Number of protein chains: 2
Amino acid sequence: MTDEVDDTRDRARVSSCAVAVDVAMLTVHGGRLLLLLVEPDDPALAGRRALPRPRVRDDENLDDTAHRALAELAGVTAPEAHLEQLRTYGETARDPRARVVSVAYLALTPTGTELVDNPRARFVDVSELDASDGPRLAYDHARIIPDAIERARSKLEYSSLATAFVGDTFTLAELRRVYEAVWGVSLDPANFRRKVASTAGFVVEVEGRSRPGPGGGRPARRFRRGSATRLHPAMLRPE
Amino acid sequence: MTDEVDDTRDRARVSSCAVAVDVAMLTVHGGRLLLLLVEPDDPALAGRRALPRPRVRDDENLDDTAHRALAELAGVTAPEAHLEQLRTYGETARDPRARVVSVAYLALTPTGTELVDNPRARFVDVSELDASDGPRLAYDHARIIPDAIERARSKLEYSSLATAFVGDTFTLAELRRVYEAVWGVSLDPANFRRKVASTAGFVVEVEGRSRPGPGGGRPARRFRRGSATRLHPAMLRPE
DNA sequence: CACGTTTCGGTCACACTGACCAGAACTCGT
DNA sequence: ACGAGTTCTGGTCAGTGTGACCGAAACGTG
């Protein structure tokens, strides 16, 4: 019995698996929530798309592996981008060739991130993923991606993570459009402003105003990230 | 560049690590939040305590490995107990002998679970873990355990997970004492009742009353779990 | 200069919460 | 049997947060 509760001494009995890292990289652009997909090298997966899967180096922490994928694919580095572990997928039947345990990460990159010129990688609107004419996904990424999207939608509620999608300074309208794109809803501008302003530490006003768009409009104040990471009270999704 | 974003074809370049599962099993007893710790077999870790680490069988999903630990150590089976993945700890320096990636699980078992007669495993009050005279922990479990406790405390806010700590039927006072033990606070009985009753699908009243305790008191109504898994609105921690 | 657009400040009704009170229904000690 | 203590249960009241909505401020365009 005791050998069932701690087996680290008998190393031969500890499973050895291939360990991979999958990165679900999200950004907001043009009012849409986008996910970065790549074309796998494997010829058997021709026509399918997959999450970036950077190589895990032997002397590299898993977090660093995911960070490296961010830097190489989108040119963003911490703390500019947000990166957090999503969960680990270890089903025995994930890969028919060998047992692969993959640690999935969720990355949020600022709007307007310049994607490096890589024809094998492109951002896809997440609303097109469910459609029948959407891209076919490799591995079990069709299960990982909804988890990543739901995590992002959920974290916008009780954390200040939405600021990871915008630049160093931003207007409240830009921040509001992040919430609208991620949640797929439209929010009342006045109520959103009141909520954000009344949440201590969420945003801090900075000098300068934003130029109105082509259609005109009053110049907007600019803000930067505050020190808060948790929102009290939370900003709950409608309905 | 492309070989950096998808390496599954070149299997030799995918790291192979020892994969372990650590289970943080929590229960509530006597108004205290308890965590199950075992004595590792490794003689080098004599005097230290650790989370149960069941062997990962080659043909076994990680979830099943954690479920097996629940059944063998506490005699509880799904869906009686709640089990969910916590996160994966993959730092290169975790184990000096070899690289070990461990997937941590959080398990919540009902109050009064009969622990199997195993002298090497016992429940420890989580409030004693931080104390200087508390048990010394093996591996990096001193990092995993606070994550597990915080996850449990957080999930009680927006999910109906508190019912995983009580039996099939329970009184609202028993459910309230779960919240009090996990959060380490005291809650107003009347307000707690109003909140739980007004949250649709949280609990459903059943026939029969509970006998009062030795000190007397009005007999309490009994309830069972409702169908809801998310609480709307959430039951937030005080302060 | 009129008009549409966007920002921004405010009002109002409603829902939820914490603090508190009081009655109901039991056990225990005398 | 009776009062005291305890717990359960329902209620009030003030304060807070929210959604819906209005209107003025400040811009671009025709």
# chains A, B, ... in the order shown; residues from 1 in each chain; ligands from 1
>>> residues_around(residues="B:Asp63", least_positions_apart="2", cutoff="12 Å", atoms="only C-alpha atoms (C1' of nucleotides)", output="VMD selection string")
(chain A and resid 88 to 92) or (chain B and resid 20 to 23 54 to 57 59 to 61 65 to 70 78 82 to 86 103 to 107)
>>> select_by_dssp(residues="stretch 16-229 of chain B", states="helix (DSSP H, G or I)", output="PyMOL selection string")
chain B and resi 43-45+62-74+126-128+141-158+161-165+172-183+189-198
>>> interface_residues(of="chain B", to="chain C", cutoff="7 Å", atoms="only C-alpha atoms (C1' of nucleotides)", output="PyMOL selection string")
chain B and resi 212+214-219
>>> write_last_selection(atoms="C-alpha atoms", output="mmCIF file, in the first residue's frame")
data_model
loop_
_atom_site.group_PDB
_atom_site.id
_atom_site.type_symbol
_atom_site.label_atom_id
_atom_site.label_comp_id
_atom_site.auth_asym_id
_atom_site.auth_seq_id
_atom_site.Cartn_x
_atom_site.Cartn_y
_atom_site.Cartn_z
ATOM 1 C CA PRO B 212 -30.355 19.205 17.294
ATOM 2 C CA PRO B 214 -26.217 18.298 22.581
ATOM 3 C CA GLY B 215 -26.765 21.959 23.310
ATOM 4 C CA GLY B 216 -30.261 21.971 21.884
ATOM 5 C CA GLY B 217 -31.586 24.220 19.187
ATOM 6 C CA ARG B 218 -34.340 24.156 16.624
ATOM 7 C CA PRO B 219 -34.255 21.135 14.279
#
>>> closest_atom_pairs(of="chain D", to="chain B", cutoff="10 Å", atoms="only C-alpha atoms (C1' of nucleotides)", output="JSON lines")
{"residue": "D:DG5", "atom": "C1'", "partner": "B:Gly215", "partner_atom": "CA", "distance": 8.0}
{"residue": "D:DT6", "atom": "C1'", "partner": "B:Gly217", "partner_atom": "CA", "distance": 4.9}
{"residue": "D:DT7", "atom": "C1'", "partner": "B:Gly217", "partner_atom": "CA", "distance": 3.9}
{"residue": "D:DC8", "atom": "C1'", "partner": "B:Arg218", "partner_atom": "CA", "distance": 5.1}
{"residue": "D:DT9", "atom": "C1'", "partner": "B:Ala190", "partner_atom": "CA", "distance": 7.5}
{"residue": "D:DG10", "atom": "C1'", "partner": "B:Ala190", "partner_atom": "CA", "distance": 8.5}
>>> write_last_selection(atoms="C-alpha atoms (C1' of nucleotides)", output="PDB file, in the first residue's frame")
ATOM      1  C1'  DG D   5     -29.488  28.692  26.680  1.00  0.00           C
ATOM      2  C1'  DT D   6     -28.881  27.334  21.851  1.00  0.00           C
ATOM      3  C1'  DT D   7     -29.890  26.996  17.100  1.00  0.00           C
ATOM      4  C1'  DC D   8     -32.801  27.638  13.171  1.00  0.00           C
ATOM      5  C1'  DT D   9     -35.609  30.740  10.449  1.00  0.00           C
ATOM      6  C1'  DG D  10     -37.823  34.810   8.733  1.00  0.00           C
TER       7       DG D  10
END
>>> calpha_fit_and_write(fixed="chain B", moving="chain A", output="PDB file with C-alpha atoms, in the first residue's frame")
ATOM      1  CA  MET A   1      11.892  29.119 -37.949  1.00  0.00           C
ATOM      2  CA  THR A   2       9.089  26.799 -38.794  1.00  0.00           C
ATOM      3  CA  ASP A   3      10.856  23.970 -37.039  1.00  0.00           C
ATOM      4  CA  GLU A   4      10.532  26.017 -33.877  1.00  0.00           C
ATOM      5  CA  VAL A   5       6.762  26.149 -33.924  1.00  0.00           C
ATOM      6  CA  ASP A   6       5.996  22.500 -34.428  1.00  0.00           C
ATOM      7  CA  ASP A   7       8.423  19.791 -33.493  1.00  0.00           C
ATOM      8  CA  THR A   8       6.238  16.785 -33.113  1.00  0.00           C
ATOM      9  CA  ARG A   9       7.587  15.155 -36.232  1.00  0.00           C
ATOM     10  CA  ASP A  10      11.141  15.129 -34.962  1.00  0.00           C
ATOM     11  CA  ARG A  11      10.502  13.098 -31.877  1.00  0.00           C
ATOM     12  CA  ALA A  12      14.097  13.147 -30.724  1.00  0.00           C
ATOM     13  CA  ARG A  13      13.766  16.868 -30.098  1.00  0.00           C
ATOM     14  CA  VAL A  14      10.764  16.557 -27.814  1.00  0.00           C
ATOM     15  CA  SER A  15      11.856  16.358 -24.222  1.00  0.00           C
ATOM     16  CA  SER A  16      11.125  13.189 -22.390  1.00  0.00           C
ATOM     17  CA  CYS A  17      10.558  13.661 -18.686  1.00  0.00           C
ATOM     18  CA  ALA A  18       9.450  11.629 -15.743  1.00  0.00           C
ATOM     19  CA  VAL A  19       5.785  12.465 -15.182  1.00  0.00           C
ATOM     20  CA  ALA A  20       4.293  12.301 -11.700  1.00  0.00           C
ATOM     21  CA  VAL A  21       0.896  13.095 -10.226  1.00  0.00           C
ATOM     22  CA  ASP A  22       0.547  14.891  -6.883  1.00  0.00           C
ATOM     23  CA  VAL A  23      -2.845  14.924  -5.180  1.00  0.00           C
ATOM     24  CA  ALA A  24      -3.811  17.581  -2.659  1.00  0.00           C
ATOM     25  CA  MET A  25      -6.749  16.012  -0.840  1.00  0.00           C
ATOM     26  CA  LEU A  26      -8.768  18.392   1.313  1.00  0.00           C
ATOM     27  CA  THR A  27     -11.582  17.720   3.739  1.00  0.00           C
ATOM     28  CA  VAL A  28     -13.396  19.591   6.487  1.00  0.00           C
ATOM     29  CA  HIS A  29     -13.700  18.100   9.949  1.00  0.00           C
ATOM     30  CA  GLY A  30     -14.454  19.710  13.266  1.00  0.00           C
ATOM     31  CA  GLY A  31     -14.562  23.163  11.760  1.00  0.00           C
ATOM     32  CA  ARG A  32     -11.052  22.833  10.379  1.00  0.00           C
ATOM     33  CA  LEU A  33      -9.709  22.458   6.853  1.00  0.00           C
ATOM     34  CA  LEU A  34      -7.541  19.352   6.631  1.00  0.00           C
ATOM     35  CA  LEU A  35      -4.986  18.194   4.061  1.00  0.00           C
ATOM     36  CA  LEU A  36      -3.834  14.618   3.589  1.00  0.00           C
ATOM     37  CA  LEU A  37      -0.061  14.151   3.868  1.00  0.00           C
ATOM     38  CA  VAL A  38       1.979  10.940   3.641  1.00  0.00           C
ATOM     39  CA  GLU A  39       5.504   9.910   4.589  1.00  0.00           C
ATOM     40  CA  PRO A  40       7.687   9.470   1.514  1.00  0.00           C
ATOM     41  CA  ASP A  41       9.487   6.149   1.105  1.00  0.00           C
ATOM     42  CA  ASP A  42      12.760   7.809   0.235  1.00  0.00           C
ATOM     43  CA  PRO A  43      15.118   7.544   3.264  1.00  0.00           C
ATOM     44  CA  ALA A  44      16.673  10.861   2.283  1.00  0.00           C
ATOM     45  CA  LEU A  45      13.326  12.471   3.055  1.00  0.00           C
ATOM     46  CA  ALA A  46      12.911  10.954   6.501  1.00  0.00           C
ATOM     47  CA  GLY A  47      10.934  13.243   8.778  1.00  0.00           C
ATOM     48  CA  ARG A  48       9.352  15.110   5.929  1.00  0.00           C
ATOM     49  CA  ARG A  49       5.840  14.793   4.635  1.00  0.00           C
ATOM     50  CA  ALA A  50       4.522  14.961   1.120  1.00  0.00           C
ATOM     51  CA  LEU A  51       1.393  14.907  -0.951  1.00  0.00           C
ATOM     52  CA  PRO A  52       0.307  11.463  -2.119  1.00  0.00           C
ATOM     53  CA  ARG A  53       2.042  10.675  -5.392  1.00  0.00           C
ATOM     54  CA  PRO A  54       0.404   7.662  -7.036  1.00  0.00           C
ATOM     55  CA  ARG A  55       2.194   5.822  -9.786  1.00  0.00           C
ATOM     56  CA  VAL A  56       1.178   6.821 -13.310  1.00  0.00           C
ATOM     57  CA  ARG A  57       0.510   3.635 -15.207  1.00  0.00           C
ATOM     58  CA  ASP A  58       1.479   3.556 -18.814  1.00  0.00           C
ATOM     59  CA  ASP A  59      -2.042   2.989 -20.084  1.00  0.00           C
ATOM     60  CA  GLU A  60      -3.751   5.240 -17.570  1.00  0.00           C
ATOM     61  CA  ASN A  61      -5.016   8.767 -17.980  1.00  0.00           C
ATOM     62  CA  LEU A  62      -3.669  11.266 -15.477  1.00  0.00           C
ATOM     63  CA  ASP A  63      -7.154  11.894 -14.121  1.00  0.00           C
ATOM     64  CA  ASP A  64      -7.591   8.184 -13.488  1.00  0.00           C
ATOM     65  CA  THR A  65      -4.323   8.079 -11.611  1.00  0.00           C
ATOM     66  CA  ALA A  66      -5.540  10.775  -9.259  1.00  0.00           C
ATOM     67  CA  HIS A  67      -8.910   9.064  -8.875  1.00  0.00           C
ATOM     68  CA  ARG A  68      -7.164   5.867  -7.907  1.00  0.00           C
ATOM     69  CA  ALA A  69      -5.270   7.657  -5.151  1.00  0.00           C
ATOM     70  CA  LEU A  70      -8.578   8.952  -3.805  1.00  0.00           C
ATOM     71  CA  ALA A  71     -10.067   5.482  -3.718  1.00  0.00           C
ATOM     72  CA  GLU A  72      -7.047   3.810  -2.169  1.00  0.00           C
ATOM     73  CA  LEU A  73      -6.294   6.414   0.471  1.00  0.00           C
ATOM     74  CA  ALA A  74      -9.709   7.711   1.484  1.00  0.00           C
ATOM     75  CA  GLY A  75     -12.084   5.134   0.100  1.00  0.00           C
ATOM     76  CA  VAL A  76     -14.042   7.684  -1.897  1.00  0.00           C
ATOM     77  CA  THR A  77     -14.957   7.332  -5.540  1.00  0.00           C
ATOM     78  CA  ALA A  78     -16.295   9.702  -8.148  1.00  0.00           C
ATOM     79  CA  PRO A  79     -18.782  11.301  -8.269  1.00  0.00           C
ATOM     80  CA  GLU A  80     -18.831  11.229  -4.501  1.00  0.00           C
ATOM     81  CA  ALA A  81     -15.654  13.284  -4.358  1.00  0.00           C
ATOM     82  CA  HIS A  82     -14.627  16.209  -6.480  1.00  0.00           C
ATOM     83  CA  LEU A  83     -11.361  16.027  -8.402  1.00  0.00           C
ATOM     84  CA  GLU A  84      -9.887  18.618 -10.704  1.00  0.00           C
ATOM     85  CA  GLN A  85      -6.515  19.390 -12.138  1.00  0.00           C
ATOM     86  CA  LEU A  86      -4.673  22.156 -10.319  1.00  0.00           C
ATOM     87  CA  ARG A  87      -1.676  22.927 -12.503  1.00  0.00           C
ATOM     88  CA  THR A  88       1.599  21.430 -13.660  1.00  0.00           C
ATOM     89  CA  TYR A  89       4.947  22.123 -12.051  1.00  0.00           C
ATOM     90  CA  GLY A  90       7.802  21.642 -14.471  1.00  0.00           C
ATOM     91  CA  GLU A  91      10.738  23.644 -13.173  1.00  0.00           C
ATOM     92  CA  THR A  92      14.044  22.127 -14.112  1.00  0.00           C
ATOM     93  CA  ALA A  93      15.407  22.400 -10.588  1.00  0.00           C
ATOM     94  CA  ARG A  94      12.463  20.665  -8.892  1.00  0.00           C
ATOM     95  CA  ASP A  95      14.253  17.390  -8.322  1.00  0.00           C
ATOM     96  CA  PRO A  96      18.048  17.270  -8.178  1.00  0.00           C
ATOM     97  CA  ARG A  97      18.260  13.717  -9.474  1.00  0.00           C
ATOM     98  CA  ALA A  98      16.284  13.998 -12.701  1.00  0.00           C
ATOM     99  CA  ARG A  99      13.806  16.227 -14.405  1.00  0.00           C
ATOM    100  CA  VAL A 100      10.340  15.537 -13.066  1.00  0.00           C
ATOM    101  CA  VAL A 101       7.208  17.184 -14.361  1.00  0.00           C
ATOM    102  CA  SER A 102       4.378  16.729 -11.915  1.00  0.00           C
ATOM    103  CA  VAL A 103       0.713  17.337 -12.575  1.00  0.00           C
ATOM    104  CA  ALA A 104      -0.983  18.451  -9.373  1.00  0.00           C
ATOM    105  CA  TYR A 105      -4.609  17.642  -8.620  1.00  0.00           C
ATOM    106  CA  LEU A 106      -7.028  19.104  -6.121  1.00  0.00           C
ATOM    107  CA  ALA A 107      -9.444  16.689  -4.445  1.00  0.00           C
ATOM    108  CA  LEU A 108     -12.312  17.589  -2.125  1.00  0.00           C
ATOM    109  CA  THR A 109     -13.708  14.742  -0.041  1.00  0.00           C
ATOM    110  CA  PRO A 110     -16.791  14.751   2.180  1.00  0.00           C
ATOM    111  CA  THR A 111     -16.624  15.517   5.862  1.00  0.00           C
ATOM    112  CA  GLY A 112     -16.339  12.369   7.882  1.00  0.00           C
ATOM    113  CA  THR A 113     -14.554  10.366   5.220  1.00  0.00           C
ATOM    114  CA  GLU A 114     -13.161   7.274   6.876  1.00  0.00           C
ATOM    115  CA  LEU A 115      -9.433   7.292   6.268  1.00  0.00           C
ATOM    116  CA  VAL A 116      -8.145   3.796   5.644  1.00  0.00           C
ATOM    117  CA  ASP A 117      -5.916   2.546   8.405  1.00  0.00           C
ATOM    118  CA  ASN A 118      -2.591   3.674   7.031  1.00  0.00           C
ATOM    119  CA  PRO A 119      -0.054   4.852   9.616  1.00  0.00           C
ATOM    120  CA  ARG A 120       1.929   6.631   6.929  1.00  0.00           C
ATOM    121  CA  ALA A 121      -0.962   8.900   5.913  1.00  0.00           C
ATOM    122  CA  ARG A 122      -2.836  11.404   8.048  1.00  0.00           C
ATOM    123  CA  PHE A 123      -4.835  14.595   7.752  1.00  0.00           C
ATOM    124  CA  VAL A 124      -3.129  17.801   8.902  1.00  0.00           C
ATOM    125  CA  ASP A 125      -4.775  21.094   9.757  1.00  0.00           C
ATOM    126  CA  VAL A 126      -3.790  23.521   7.010  1.00  0.00           C
ATOM    127  CA  SER A 127      -3.417  26.337   9.537  1.00  0.00           C
ATOM    128  CA  GLU A 128      -0.517  24.414  11.047  1.00  0.00           C
ATOM    129  CA  LEU A 129       1.387  24.210   7.778  1.00  0.00           C
ATOM    130  CA  ASP A 130       2.720  27.738   7.961  1.00  0.00           C
ATOM    131  CA  ALA A 131       3.738  27.468  11.581  1.00  0.00           C
ATOM    132  CA  SER A 132       7.372  26.929  12.417  1.00  0.00           C
ATOM    133  CA  ASP A 133       6.534  23.713  14.276  1.00  0.00           C
ATOM    134  CA  GLY A 134       4.494  22.424  11.369  1.00  0.00           C
ATOM    135  CA  PRO A 135       5.567  19.448   9.254  1.00  0.00           C
ATOM    136  CA  ARG A 136       8.502  19.899   6.922  1.00  0.00           C
ATOM    137  CA  LEU A 137       7.479  19.204   3.364  1.00  0.00           C
ATOM    138  CA  ALA A 138       9.286  17.223   0.697  1.00  0.00           C
ATOM    139  CA  TYR A 139       9.972  18.224  -2.896  1.00  0.00           C
ATOM    140  CA  ASP A 140       8.375  21.534  -3.830  1.00  0.00           C
ATOM    141  CA  HIS A 141       5.106  20.671  -2.142  1.00  0.00           C
ATOM    142  CA  ALA A 142       5.364  23.816  -0.053  1.00  0.00           C
ATOM    143  CA  ARG A 143       4.602  25.658  -3.275  1.00  0.00           C
ATOM    144  CA  ILE A 144       1.858  23.350  -4.516  1.00  0.00           C
ATOM    145  CA  ILE A 145      -0.146  23.256  -1.290  1.00  0.00           C
ATOM    146  CA  PRO A 146      -0.847  27.000  -1.052  1.00  0.00           C
ATOM    147  CA  ASP A 147      -1.983  26.924  -4.674  1.00  0.00           C
ATOM    148  CA  ALA A 148      -4.372  24.096  -3.879  1.00  0.00           C
ATOM    149  CA  ILE A 149      -5.798  25.854  -0.828  1.00  0.00           C
ATOM    150  CA  GLU A 150      -6.256  29.096  -2.694  1.00  0.00           C
ATOM    151  CA  ARG A 151      -7.967  27.253  -5.536  1.00  0.00           C
ATOM    152  CA  ALA A 152     -10.399  25.664  -3.094  1.00  0.00           C
ATOM    153  CA  ARG A 153     -11.086  28.985  -1.361  1.00  0.00           C
ATOM    154  CA  SER A 154     -11.632  30.696  -4.680  1.00  0.00           C
ATOM    155  CA  LYS A 155     -13.844  27.993  -6.156  1.00  0.00           C
ATOM    156  CA  LEU A 156     -16.201  28.136  -3.191  1.00  0.00           C
ATOM    157  CA  GLU A 157     -17.018  31.647  -4.285  1.00  0.00           C
ATOM    158  CA  TYR A 158     -18.364  31.051  -7.757  1.00  0.00           C
ATOM    159  CA  SER A 159     -19.136  27.327  -7.848  1.00  0.00           C
ATOM    160  CA  SER A 160     -21.287  24.935  -5.861  1.00  0.00           C
ATOM    161  CA  LEU A 161     -18.177  23.024  -4.844  1.00  0.00           C
ATOM    162  CA  ALA A 162     -18.809  23.403  -1.126  1.00  0.00           C
ATOM    163  CA  THR A 163     -21.319  20.573  -1.397  1.00  0.00           C
ATOM    164  CA  ALA A 164     -18.405  18.253  -2.211  1.00  0.00           C
ATOM    165  CA  PHE A 165     -17.325  18.583   1.420  1.00  0.00           C
ATOM    166  CA  VAL A 166     -20.624  17.432   2.912  1.00  0.00           C
ATOM    167  CA  GLY A 167     -22.681  14.260   2.627  1.00  0.00           C
ATOM    168  CA  ASP A 168     -25.602  13.461   0.381  1.00  0.00           C
ATOM    169  CA  THR A 169     -27.964  15.478   2.552  1.00  0.00           C
ATOM    170  CA  PHE A 170     -26.977  18.273   4.882  1.00  0.00           C
ATOM    171  CA  THR A 171     -28.260  21.240   6.797  1.00  0.00           C
ATOM    172  CA  LEU A 172     -27.484  24.800   5.854  1.00  0.00           C
ATOM    173  CA  ALA A 173     -25.503  25.102   9.061  1.00  0.00           C
ATOM    174  CA  GLU A 174     -23.262  22.238   7.969  1.00  0.00           C
ATOM    175  CA  LEU A 175     -22.759  23.908   4.602  1.00  0.00           C
ATOM    176  CA  ARG A 176     -22.055  27.201   6.304  1.00  0.00           C
ATOM    177  CA  ARG A 177     -19.425  25.593   8.531  1.00  0.00           C
ATOM    178  CA  VAL A 178     -17.698  24.349   5.363  1.00  0.00           C
ATOM    179  CA  TYR A 179     -17.391  27.914   4.102  1.00  0.00           C
ATOM    180  CA  GLU A 180     -16.231  29.083   7.518  1.00  0.00           C
ATOM    181  CA  ALA A 181     -13.571  26.380   7.780  1.00  0.00           C
ATOM    182  CA  VAL A 182     -12.204  26.798   4.257  1.00  0.00           C
ATOM    183  CA  TRP A 183     -12.183  30.574   4.359  1.00  0.00           C
ATOM    184  CA  GLY A 184     -11.227  30.869   8.014  1.00  0.00           C
ATOM    185  CA  VAL A 185     -13.993  33.347   8.771  1.00  0.00           C
ATOM    186  CA  SER A 186     -17.343  33.323  10.513  1.00  0.00           C
ATOM    187  CA  LEU A 187     -20.492  34.043   8.549  1.00  0.00           C
ATOM    188  CA  ASP A 188     -23.856  35.350   9.618  1.00  0.00           C
ATOM    189  CA  PRO A 189     -26.266  32.377   9.649  1.00  0.00           C
ATOM    190  CA  ALA A 190     -29.288  34.359   8.499  1.00  0.00           C
ATOM    191  CA  ASN A 191     -27.499  36.062   5.620  1.00  0.00           C
ATOM    192  CA  PHE A 192     -25.904  32.803   4.553  1.00  0.00           C
ATOM    193  CA  ARG A 193     -29.293  31.137   4.488  1.00  0.00           C
ATOM    194  CA  ARG A 194     -30.811  33.921   2.418  1.00  0.00           C
ATOM    195  CA  LYS A 195     -27.922  33.834  -0.048  1.00  0.00           C
ATOM    196  CA  VAL A 196     -27.959  30.083  -0.565  1.00  0.00           C
ATOM    197  CA  ALA A 197     -31.732  29.913  -0.839  1.00  0.00           C
ATOM    198  CA  SER A 198     -31.844  32.714  -3.409  1.00  0.00           C
ATOM    199  CA  THR A 199     -29.218  31.112  -5.653  1.00  0.00           C
ATOM    200  CA  ALA A 200     -31.205  28.965  -8.076  1.00  0.00           C
ATOM    201  CA  GLY A 201     -30.123  25.350  -8.218  1.00  0.00           C
ATOM    202  CA  PHE A 202     -27.588  25.473  -5.396  1.00  0.00           C
ATOM    203  CA  VAL A 203     -29.495  23.290  -2.902  1.00  0.00           C
ATOM    204  CA  VAL A 204     -32.847  21.503  -2.901  1.00  0.00           C
ATOM    205  CA  GLU A 205     -34.814  20.841   0.267  1.00  0.00           C
ATOM    206  CA  VAL A 206     -35.576  17.237   1.135  1.00  0.00           C
ATOM    207  CA  GLU A 207     -37.929  15.683   3.664  1.00  0.00           C
ATOM    208  CA  GLY A 208     -36.972  15.319   7.293  1.00  0.00           C
ATOM    209  CA  ARG A 209     -35.369  17.441   9.948  1.00  0.00           C
ATOM    210  CA  SER A 210     -32.023  17.219  11.657  1.00  0.00           C
ATOM    211  CA  ARG A 211     -31.823  16.405  15.354  1.00  0.00           C
ATOM    212  CA  PRO A 212     -30.414  19.308  17.369  1.00  0.00           C
ATOM    213  CA  GLY A 213     -27.026  18.922  19.016  1.00  0.00           C
ATOM    214  CA  PRO A 214     -26.384  18.422  22.753  1.00  0.00           C
ATOM    215  CA  GLY A 215     -26.953  22.086  23.456  1.00  0.00           C
ATOM    216  CA  GLY A 216     -30.412  22.099  21.964  1.00  0.00           C
ATOM    217  CA  GLY A 217     -31.679  24.312  19.205  1.00  0.00           C
ATOM    218  CA  ARG A 218     -34.405  24.244  16.638  1.00  0.00           C
ATOM    219  CA  PRO A 219     -34.293  21.213  14.308  1.00  0.00           C
ATOM    220  CA  ALA A 220     -32.786  22.151  10.974  1.00  0.00           C
ATOM    221  CA  ARG A 221     -34.192  21.410   7.521  1.00  0.00           C
ATOM    222  CA  ARG A 222     -32.193  19.129   5.292  1.00  0.00           C
ATOM    223  CA  PHE A 223     -31.041  19.752   1.745  1.00  0.00           C
ATOM    224  CA  ARG A 224     -29.250  17.987  -1.093  1.00  0.00           C
ATOM    225  CA  ARG A 225     -27.091  19.252  -3.969  1.00  0.00           C
ATOM    226  CA  GLY A 226     -28.908  21.145  -6.677  1.00  0.00           C
ATOM    227  CA  SER A 227     -28.178  20.975 -10.379  1.00  0.00           C
ATOM    228  CA  ALA A 228     -26.228  24.222 -10.552  1.00  0.00           C
ATOM    229  CA  THR A 229     -22.463  24.137 -10.829  1.00  0.00           C
ATOM    230  CA  ARG A 230     -21.897  27.876 -11.174  1.00  0.00           C
ATOM    231  CA  LEU A 231     -23.341  30.278  -8.611  1.00  0.00           C
ATOM    232  CA  HIS A 232     -25.134  33.362  -9.895  1.00  0.00           C
ATOM    233  CA  PRO A 233     -24.441  35.669  -8.259  1.00  0.00           C
ATOM    234  CA  ALA A 234     -21.235  34.524  -6.624  1.00  0.00           C
ATOM    235  CA  MET A 235     -20.809  34.057  -2.889  1.00  0.00           C
ATOM    236  CA  LEU A 236     -17.872  36.357  -2.245  1.00  0.00           C
ATOM    237  CA  ARG A 237     -15.508  36.118   0.696  1.00  0.00           C
ATOM    238  CA  PRO A 238     -15.836  38.902   3.287  1.00  0.00           C
ATOM    239  CA  GLU A 239     -13.379  41.819   3.276  1.00  0.00           C
TER     240      GLU A 239
END
>>> decode(residues="stretch 182-206 of chain A", atoms="C-alpha atoms", output="mmCIF file, in the first residue's frame")
data_model
loop_
_atom_site.group_PDB
_atom_site.id
_atom_site.type_symbol
_atom_site.label_atom_id
_atom_site.label_comp_id
_atom_site.auth_asym_id
_atom_site.auth_seq_id
_atom_site.Cartn_x
_atom_site.Cartn_y
_atom_site.Cartn_z
ATOM 1 C CA VAL A 182 -13.624 38.782 -26.032
ATOM 2 C CA TRP A 183 -17.112 38.363 -24.640
ATOM 3 C CA GLY A 184 -18.919 38.886 -27.930
ATOM 4 C CA VAL A 185 -21.327 41.418 -26.463
ATOM 5 C CA SER A 186 -21.820 45.161 -26.558
ATOM 6 C CA LEU A 187 -21.499 47.183 -23.380
ATOM 7 C CA ASP A 188 -22.931 50.520 -22.389
ATOM 8 C CA PRO A 189 -20.093 53.078 -22.609
ATOM 9 C CA ALA A 190 -21.260 55.156 -19.659
ATOM 10 C CA ASN A 191 -21.748 52.197 -17.334
ATOM 11 C CA PHE A 192 -18.434 50.704 -18.379
ATOM 12 C CA ARG A 193 -16.694 53.966 -17.610
ATOM 13 C CA ARG A 194 -18.305 54.219 -14.193
ATOM 14 C CA LYS A 195 -17.391 50.626 -13.358
ATOM 15 C CA VAL A 196 -13.759 50.895 -14.390
ATOM 16 C CA ALA A 197 -13.275 54.251 -12.705
ATOM 17 C CA SER A 198 -14.780 53.021 -9.437
ATOM 18 C CA THR A 199 -12.560 49.932 -9.274
ATOM 19 C CA ALA A 200 -9.504 51.048 -7.314
ATOM 20 C CA GLY A 201 -6.211 50.427 -9.054
ATOM 21 C CA PHE A 202 -7.614 49.203 -12.361
ATOM 22 C CA VAL A 203 -6.525 52.174 -14.508
ATOM 23 C CA VAL A 204 -4.703 55.443 -13.856
ATOM 24 C CA GLU A 205 -5.272 58.554 -15.937
ATOM 25 C CA VAL A 206 -2.292 60.010 -17.764
#
